[in-house]
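Text of final-v4.tsv, listed as TSV, N, CA and C atoms:
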```tsv
chain	number	residue	atom	x	y	z
A	1	MET	N	0.84	-1.18	0.00
A	1	MET	CA	0.00	0.00	0.00
A	1	MET	C	0.89	1.25	0.00
A	2	ARG	N	0.50	2.23	-0.73
A	2	ARG	CA	1.28	3.45	-0.84
A	2	ARG	C	1.15	4.30	0.43
A	3	PRO	N	2.23	4.96	0.85
A	3	PRO	CA	2.18	5.79	2.06
A	3	PRO	C	1.13	6.90	2.00
A	4	ALA	N	0.95	7.47	0.81
A	4	ALA	CA	-0.04	8.54	0.68
A	4	ALA	C	-1.45	8.02	0.96
A	5	LEU	N	-1.75	6.82	0.50
A	5	LEU	CA	-3.07	6.24	0.74
A	5	LEU	C	-3.27	5.93	2.23
A	6	VAL	N	-2.21	5.51	2.91
A	6	VAL	CA	-2.30	5.24	4.35
A	6	VAL	C	-2.62	6.53	5.10
A	7	VAL	N	-1.94	7.61	4.72
A	7	VAL	CA	-2.18	8.90	5.37
A	7	VAL	C	-3.60	9.38	5.11
A	8	ILE	N	-4.06	9.25	3.88
A	8	ILE	CA	-5.42	9.67	3.54
A	8	ILE	C	-6.44	8.80	4.28
A	9	GLY	N	-6.20	7.50	4.35
A	9	GLY	CA	-7.11	6.61	5.07
A	9	GLY	C	-7.16	6.93	6.55
A	10	ALA	N	-6.00	7.17	7.15
A	10	ALA	CA	-5.95	7.50	8.57
A	10	ALA	C	-6.63	8.84	8.83
A	11	SER	N	-6.38	9.82	7.97
A	11	SER	CA	-7.01	11.13	8.12
A	11	SER	C	-8.52	11.03	8.00
A	12	THR	N	-8.98	10.23	7.06
A	12	THR	CA	-10.42	10.04	6.89
A	12	THR	C	-11.03	9.37	8.12
A	13	ALA	N	-10.36	8.36	8.64
A	13	ALA	CA	-10.87	7.66	9.83
A	13	ALA	C	-10.93	8.62	11.03
A	14	ILE	N	-9.90	9.44	11.21
A	14	ILE	CA	-9.90	10.41	12.31
A	14	ILE	C	-11.00	11.44	12.11
A	15	GLY	N	-11.18	11.90	10.88
A	15	GLY	CA	-12.24	12.86	10.59
A	15	GLY	C	-13.62	12.29	10.85
A	16	LEU	N	-13.85	11.05	10.45
A	16	LEU	CA	-15.15	10.41	10.70
A	16	LEU	C	-15.38	10.20	12.19
A	17	ALA	N	-14.33	9.81	12.90
A	17	ALA	CA	-14.46	9.63	14.35
A	17	ALA	C	-14.79	10.97	15.02
A	18	ALA	N	-14.13	12.04	14.59
A	18	ALA	CA	-14.39	13.36	15.16
A	18	ALA	C	-15.82	13.82	14.83
A	19	ALA	N	-16.27	13.56	13.62
A	19	ALA	CA	-17.64	13.93	13.24
A	19	ALA	C	-18.67	13.15	14.04
A	20	ALA	N	-18.40	11.85	14.24
A	20	ALA	CA	-19.33	11.04	15.05
A	20	ALA	C	-19.35	11.53	16.50
A	21	TRP	N	-18.18	11.89	17.02
A	21	TRP	CA	-18.11	12.40	18.39
A	21	TRP	C	-18.88	13.71	18.51
A	22	LEU	N	-18.71	14.61	17.55
A	22	LEU	CA	-19.44	15.88	17.58
A	22	LEU	C	-20.94	15.66	17.46
A	23	ALA	N	-21.34	14.72	16.62
A	23	ALA	CA	-22.77	14.43	16.48
A	23	ALA	C	-23.33	13.89	17.80
A	24	ALA	N	-22.57	13.02	18.45
A	24	ALA	CA	-23.02	12.47	19.73
A	24	ALA	C	-23.08	13.54	20.81
A	25	ARG	N	-22.21	14.53	20.71
A	25	ARG	CA	-22.17	15.62	21.69
A	25	ARG	C	-23.11	16.77	21.29
A	26	ARG	N	-23.91	16.54	20.26
A	26	ARG	CA	-24.86	17.53	19.75
A	26	ARG	C	-24.16	18.83	19.32
A	27	GLY	N	-22.97	18.68	18.76
A	27	GLY	CA	-22.26	19.82	18.21
A	27	GLY	C	-21.47	20.62	19.23
A	28	ARG	N	-21.51	20.24	20.50
A	28	ARG	CA	-20.78	20.99	21.52
A	28	ARG	C	-19.45	20.30	21.81
A	29	LEU	N	-18.38	21.04	21.71
A	29	LEU	CA	-17.08	20.48	22.04
A	29	LEU	C	-16.93	20.33	23.55
A	30	LEU	N	-17.41	21.31	24.29
A	30	LEU	CA	-17.29	21.31	25.75
A	30	LEU	C	-18.66	21.53	26.38
A	31	ARG	N	-18.88	20.93	27.50
A	31	ARG	CA	-20.11	21.15	28.25
A	31	ARG	C	-20.06	22.54	28.88
A	32	PRO	N	-21.22	23.10	29.20
A	32	PRO	CA	-21.24	24.43	29.84
A	32	PRO	C	-20.45	24.46	31.14
A	33	SER	N	-20.49	23.39	31.91
A	33	SER	CA	-19.75	23.37	33.18
A	33	SER	C	-18.24	23.43	32.93
A	34	THR	N	-17.77	22.77	31.87
A	34	THR	CA	-16.34	22.82	31.54
A	34	THR	C	-15.96	24.21	31.09
A	35	ARG	N	-16.81	24.84	30.30
A	35	ARG	CA	-16.54	26.22	29.88
A	35	ARG	C	-16.46	27.15	31.08
A	36	GLN	N	-17.35	26.93	32.06
A	36	GLN	CA	-17.36	27.77	33.25
A	36	GLN	C	-16.06	27.61	34.04
A	37	VAL	N	-15.58	26.39	34.19
A	37	VAL	CA	-14.33	26.17	34.91
A	37	VAL	C	-13.17	26.81	34.17
A	38	ILE	N	-13.15	26.68	32.85
A	38	ILE	CA	-12.07	27.29	32.06
A	38	ILE	C	-12.10	28.80	32.23
A	39	SER	N	-13.29	29.40	32.25
A	39	SER	CA	-13.35	30.85	32.41
A	39	SER	C	-12.95	31.27	33.82
A	40	LEU	N	-13.26	30.45	34.82
A	40	LEU	CA	-12.84	30.77	36.19
A	40	LEU	C	-11.33	30.63	36.37
A	41	MET	N	-10.75	29.59	35.78
A	41	MET	CA	-9.32	29.36	35.90
A	41	MET	C	-8.51	30.27	34.99
A	42	GLY	N	-9.10	30.65	33.90
A	42	GLY	CA	-8.36	31.38	32.88
A	42	GLY	C	-7.83	30.38	31.85
A	43	LEU	N	-7.89	30.74	30.62
A	43	LEU	CA	-7.52	29.83	29.54
A	43	LEU	C	-6.07	29.38	29.65
A	44	GLY	N	-5.17	30.31	29.93
A	44	GLY	CA	-3.76	29.96	30.02
A	44	GLY	C	-3.47	28.99	31.15
A	45	ARG	N	-4.07	29.23	32.31
A	45	ARG	CA	-3.83	28.35	33.47
A	45	ARG	C	-4.45	26.97	33.24
A	46	PHE	N	-5.59	26.92	32.58
A	46	PHE	CA	-6.25	25.64	32.32
A	46	PHE	C	-5.40	24.75	31.42
A	47	PHE	N	-4.78	25.33	30.40
A	47	PHE	CA	-4.02	24.53	29.44
A	47	PHE	C	-2.53	24.45	29.75
A	48	ARG	N	-2.06	25.12	30.80
A	48	ARG	CA	-0.65	25.06	31.17
A	48	ARG	C	-0.34	23.69	31.79
A	49	GLY	N	0.70	23.06	31.34
A	49	GLY	CA	1.09	21.76	31.87
A	49	GLY	C	-0.01	20.73	31.61
A	50	LEU	N	-0.19	19.82	32.54
A	50	LEU	CA	-1.21	18.79	32.40
A	50	LEU	C	-2.39	19.03	33.33
A	51	GLY	N	-2.42	20.16	34.02
A	51	GLY	CA	-3.48	20.44	34.99
A	51	GLY	C	-4.87	20.44	34.39
A	52	GLY	N	-5.04	21.10	33.28
A	52	GLY	CA	-6.35	21.17	32.65
A	52	GLY	C	-6.81	19.82	32.12
A	53	LEU	N	-5.88	19.10	31.51
A	53	LEU	CA	-6.21	17.76	31.02
A	53	LEU	C	-6.58	16.84	32.19
A	54	HIS	N	-5.81	16.94	33.26
A	54	HIS	CA	-6.10	16.14	34.46
A	54	HIS	C	-7.48	16.49	35.00
A	55	PHE	N	-7.79	17.78	35.10
A	55	PHE	CA	-9.10	18.22	35.58
A	55	PHE	C	-10.21	17.65	34.70
A	56	TYR	N	-10.05	17.76	33.39
A	56	TYR	CA	-11.10	17.34	32.48
A	56	TYR	C	-11.35	15.83	32.60
A	57	ILE	N	-10.29	15.04	32.58
A	57	ILE	CA	-10.46	13.59	32.66
A	57	ILE	C	-11.03	13.19	34.01
A	58	TYR	N	-10.52	13.76	35.09
A	58	TYR	CA	-10.99	13.42	36.43
A	58	TYR	C	-12.45	13.84	36.63
A	59	GLY	N	-12.81	15.00	36.11
A	59	GLY	CA	-14.18	15.49	36.25
A	59	GLY	C	-15.17	14.79	35.33
A	60	ARG	N	-14.72	14.40	34.16
A	60	ARG	CA	-15.62	13.80	33.17
A	60	ARG	C	-15.82	12.30	33.38
A	61	TRP	N	-14.75	11.61	33.73
A	61	TRP	CA	-14.81	10.15	33.90
A	61	TRP	C	-14.17	9.75	35.22
A	62	PRO	N	-14.75	10.12	36.36
A	62	PRO	CA	-14.09	9.84	37.65
A	62	PRO	C	-13.93	8.35	37.95
A	63	VAL	N	-14.91	7.54	37.62
A	63	VAL	CA	-14.82	6.11	37.92
A	63	VAL	C	-13.68	5.47	37.11
A	64	ALA	N	-13.61	5.79	35.83
A	64	ALA	CA	-12.54	5.24	34.99
A	64	ALA	C	-11.18	5.76	35.43
A	65	TYR	N	-11.12	7.01	35.86
A	65	TYR	CA	-9.87	7.61	36.33
A	65	TYR	C	-9.34	6.86	37.55
A	66	VAL	N	-10.21	6.62	38.53
A	66	VAL	CA	-9.79	5.93	39.75
A	66	VAL	C	-9.45	4.48	39.45
A	67	ARG	N	-10.23	3.83	38.60
A	67	ARG	CA	-9.94	2.44	38.22
A	67	ARG	C	-8.57	2.34	37.55
A	68	PHE	N	-8.29	3.28	36.65
A	68	PHE	CA	-6.99	3.30	35.98
A	68	PHE	C	-5.87	3.49	36.99
A	69	ALA	N	-6.05	4.43	37.91
A	69	ALA	CA	-5.02	4.70	38.91
A	69	ALA	C	-4.79	3.48	39.80
A	70	ARG	N	-5.87	2.82	40.17
A	70	ARG	CA	-5.73	1.67	41.08
A	70	ARG	C	-5.13	0.45	40.40
A	71	THR	N	-5.35	0.27	39.12
A	71	THR	CA	-4.87	-0.95	38.47
A	71	THR	C	-3.58	-0.71	37.68
A	72	CYS	N	-3.65	0.12	36.69
A	72	CYS	CA	-2.51	0.29	35.78
A	72	CYS	C	-1.31	0.92	36.46
A	73	LEU	N	-1.52	1.99	37.20
A	73	LEU	CA	-0.38	2.67	37.82
A	73	LEU	C	0.26	1.82	38.90
A	74	VAL	N	-0.54	1.06	39.62
A	74	VAL	CA	0.02	0.17	40.64
A	74	VAL	C	0.88	-0.91	39.99
A	75	ARG	N	0.41	-1.42	38.86
A	75	ARG	CA	1.22	-2.42	38.14
A	75	ARG	C	2.54	-1.84	37.67
A	76	LEU	N	2.50	-0.58	37.24
A	76	LEU	CA	3.72	0.05	36.75
A	76	LEU	C	4.68	0.41	37.88
A	77	PHE	N	4.15	0.97	38.96
A	77	PHE	CA	5.01	1.53	40.00
A	77	PHE	C	5.01	0.75	41.31
A	78	GLY	N	4.19	-0.28	41.43
A	78	GLY	CA	4.22	-1.13	42.59
A	78	GLY	C	3.35	-0.67	43.75
A	79	ARG	N	3.46	-1.38	44.84
A	79	ARG	CA	2.62	-1.15	46.02
A	79	ARG	C	2.93	0.16	46.73
A	80	ARG	N	4.15	0.65	46.57
A	80	ARG	CA	4.48	1.94	47.21
A	80	ARG	C	3.56	3.05	46.74
A	81	LEU	N	3.32	3.08	45.43
A	81	LEU	CA	2.43	4.10	44.88
A	81	LEU	C	1.02	3.93	45.43
A	82	LYS	N	0.55	2.70	45.56
A	82	LYS	CA	-0.79	2.46	46.08
A	82	LYS	C	-0.92	3.01	47.50
A	83	ARG	N	0.07	2.76	48.33
A	83	ARG	CA	0.04	3.27	49.71
A	83	ARG	C	0.11	4.80	49.71
A	84	TRP	N	0.99	5.36	48.88
A	84	TRP	CA	1.13	6.81	48.80
A	84	TRP	C	-0.19	7.45	48.36
A	85	ALA	N	-0.82	6.90	47.33
A	85	ALA	CA	-2.08	7.46	46.81
A	85	ALA	C	-3.21	7.30	47.82
A	86	ALA	N	-3.26	6.17	48.52
A	86	ALA	CA	-4.32	5.95	49.50
A	86	ALA	C	-4.23	6.95	50.64
A	87	ASP	N	-3.02	7.33	51.01
A	87	ASP	CA	-2.84	8.32	52.08
A	87	ASP	C	-3.25	9.72	51.64
A	88	ARG	N	-3.24	9.98	50.35
A	88	ARG	CA	-3.48	11.34	49.86
A	88	ARG	C	-4.79	11.53	49.11
A	89	TYR	N	-5.44	10.45	48.70
A	89	TYR	CA	-6.66	10.60	47.91
A	89	TYR	C	-7.75	11.23	48.75
A	90	HIS	N	-8.41	12.21	48.22
A	90	HIS	CA	-9.31	13.07	48.99
A	90	HIS	C	-10.79	12.90	48.66
A	91	GLY	N	-11.13	11.97	47.85
A	91	GLY	CA	-12.53	11.90	47.43
A	91	GLY	C	-13.06	10.49	47.38
A	92	LYS	N	-14.33	10.42	47.15
A	92	LYS	CA	-15.03	9.14	46.97
A	92	LYS	C	-15.87	9.29	45.72
A	93	VAL	N	-15.74	8.38	44.80
A	93	VAL	CA	-16.51	8.43	43.56
A	93	VAL	C	-17.90	7.86	43.83
A	94	LEU	N	-18.91	8.67	43.55
A	94	LEU	CA	-20.29	8.25	43.73
A	94	LEU	C	-21.04	8.43	42.42
A	95	HIS	N	-21.92	7.51	42.13
A	95	HIS	CA	-22.83	7.69	41.00
A	95	HIS	C	-23.93	8.66	41.44
A	96	HIS	N	-24.67	9.18	40.47
A	96	HIS	CA	-25.70	10.17	40.75
A	96	HIS	C	-26.71	9.66	41.79
A	97	GLN	N	-27.15	8.43	41.64
A	97	GLN	CA	-28.13	7.86	42.58
A	97	GLN	C	-27.55	7.76	43.98
A	98	GLN	N	-26.29	7.38	44.10
A	98	GLN	CA	-25.67	7.27	45.42
A	98	GLN	C	-25.56	8.64	46.08
A	99	ALA	N	-25.17	9.64	45.32
A	99	ALA	CA	-25.04	10.99	45.88
A	99	ALA	C	-26.41	11.52	46.31
A	100	ARG	N	-27.42	11.29	45.50
A	100	ARG	CA	-28.77	11.73	45.86
A	100	ARG	C	-29.24	11.05	47.14
A	101	ALA	N	-29.00	9.76	47.27
A	101	ALA	CA	-29.40	9.04	48.48
A	101	ALA	C	-28.65	9.56	49.70
A	102	LEU	N	-27.43	9.98	49.51
A	102	LEU	CA	-26.62	10.48	50.61
A	102	LEU	C	-27.13	11.81	51.15
A	103	VAL	N	-27.65	12.67	50.28
A	103	VAL	CA	-28.09	13.99	50.73
A	103	VAL	C	-29.60	14.12	50.88
A	104	THR	N	-30.37	13.09	50.56
A	104	THR	CA	-31.82	13.16	50.69
A	104	THR	C	-32.23	12.86	52.12
A	105	ILE	N	-33.09	13.71	52.68
A	105	ILE	CA	-33.52	13.55	54.07
A	105	ILE	C	-34.89	12.90	54.18
A	106	ASN	N	-35.77	13.12	53.21
A	106	ASN	CA	-37.12	12.55	53.19
A	106	ASN	C	-37.98	13.01	54.36
A	107	ARG	N	-37.77	14.20	54.82
A	107	ARG	CA	-38.66	14.79	55.82
A	107	ARG	C	-38.55	16.30	55.70
A	108	GLU	N	-39.56	16.97	56.19
A	108	GLU	CA	-39.59	18.42	56.10
A	108	GLU	C	-38.58	19.04	57.06
A	109	ILE	N	-37.91	20.06	56.59
A	109	ILE	CA	-36.93	20.76	57.43
A	109	ILE	C	-37.58	22.04	57.93
A	110	VAL	N	-37.61	22.22	59.23
A	110	VAL	CA	-38.20	23.40	59.84
A	110	VAL	C	-37.10	24.45	59.97
A	111	CYS	N	-37.34	25.61	59.39
A	111	CYS	CA	-36.38	26.70	59.44
A	111	CYS	C	-36.91	27.78	60.38
A	112	GLU	N	-36.36	27.85	61.58
A	112	GLU	CA	-36.78	28.84	62.57
A	112	GLU	C	-35.61	29.73	62.92
A	113	ASP	N	-35.93	30.97	63.26
A	113	ASP	CA	-34.95	31.92	63.77
A	113	ASP	C	-33.70	31.97	62.87
A	114	LEU	N	-33.92	32.29	61.60
A	114	LEU	CA	-32.83	32.29	60.64
A	114	LEU	C	-31.87	33.46	60.80
A	115	LYS	N	-32.26	34.48	61.58
A	115	LYS	CA	-31.40	35.65	61.74
A	115	LYS	C	-30.42	35.49	62.90
A	116	ARG	N	-30.56	34.43	63.68
A	116	ARG	CA	-29.68	34.21	64.82
A	116	ARG	C	-28.33	33.69	64.32
A	117	VAL	N	-27.26	34.27	64.83
A	117	VAL	CA	-25.92	33.87	64.46
A	117	VAL	C	-25.34	33.05	65.60
A	118	ILE	N	-24.84	31.89	65.28
A	118	ILE	CA	-24.23	31.04	66.29
A	118	ILE	C	-22.72	31.26	66.21
A	119	PRO	N	-22.14	31.87	67.25
A	119	PRO	CA	-20.69	32.14	67.19
A	119	PRO	C	-19.88	30.85	67.35
A	120	TYR	N	-18.71	30.86	66.79
A	120	TYR	CA	-17.81	29.73	66.95
A	120	TYR	C	-16.40	30.26	67.20
A	121	ARG	N	-15.62	29.47	67.89
A	121	ARG	CA	-14.26	29.88	68.20
A	121	ARG	C	-13.42	29.88	66.91
A	122	THR	N	-12.61	30.88	66.80
A	122	THR	CA	-11.69	30.93	65.66
A	122	THR	C	-10.27	30.89	66.19
A	123	ARG	N	-9.37	30.65	65.33
A	123	ARG	CA	-7.96	30.62	65.71
A	123	ARG	C	-7.55	31.98	66.23
A	124	GLY	N	-7.00	32.02	67.39
A	124	GLY	CA	-6.55	33.29	67.97
A	124	GLY	C	-7.58	33.95	68.88
A	125	SER	N	-8.80	33.40	68.98
A	125	SER	CA	-9.79	34.04	69.87
A	125	SER	C	-9.95	33.27	71.15
```
Here is a file; write its structure as structure tokens.
Amino acid sequence: MRPALVVIGASTAIGLAAAAWLAARRGRLLRPSTRQVISLMGLGRFFRGLGGLHFYIYGRWPVAYVRFARTCLVRLFGRRLKRWAADRYHGKVLHHQQARALVTINREIVCEDLKRVIPYRTRGS
């Protein structure tokens, strides 16, 4: 097969994949929430280094991100990494239903005396 045909075939396949992805995303490259984070962080800060890519992958596919970290990275770097990550990991991945069940009270909340301020001790007081 000629190299030019391989390049054209690969380009066509990438173009079709991109078109299918855009069609599935209803023509939006980024979700409104991602746009909001980019505007809050600033475009330069979002794309500097791997921070923005890390944010996007972690925010978009948290379950796959954690699964990858727990399996593939541990295989590459061993048990030390697993212990190090377990000591520092700050979150719990929940599906929408699990999160809703966690915050649902299923009873009426009585709101009384909303203007009262409850003081609390602060550092130095």
Nearest-residue call for Leu53 in chain A, choices A:Ser11, A:Thr71, A:Thr34, A:Gln97, using only C-alpha atoms:
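Distance minimum relative to Leu53 in chain A lands on A:Thr34.
Taking atom N of His95 in chain A as the reference point, CA of His54 in chain A is found at 19.6 Å.
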Give the answer as one residue: which of A:Val93, A:Pro32, A:Ala18, A:Leu102 has the shortest atom-to-atom distance to Ala64 in chain A, using only C-alpha atoms?
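Between A:Val93, A:Pro32, A:Ala18, A:Leu102, the residue approaching Ala64 in chain A most closely is A:Val93.
Across the model, the gap from CA of His90 in chain A to CA of Val63 in chain A is 14.2 Å.
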Atom N of Ala99 in chain A to atom N of Ser39 in chain A, distance in Å rounded to a single decimal
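These atoms are spaced 26.5 Å apart.
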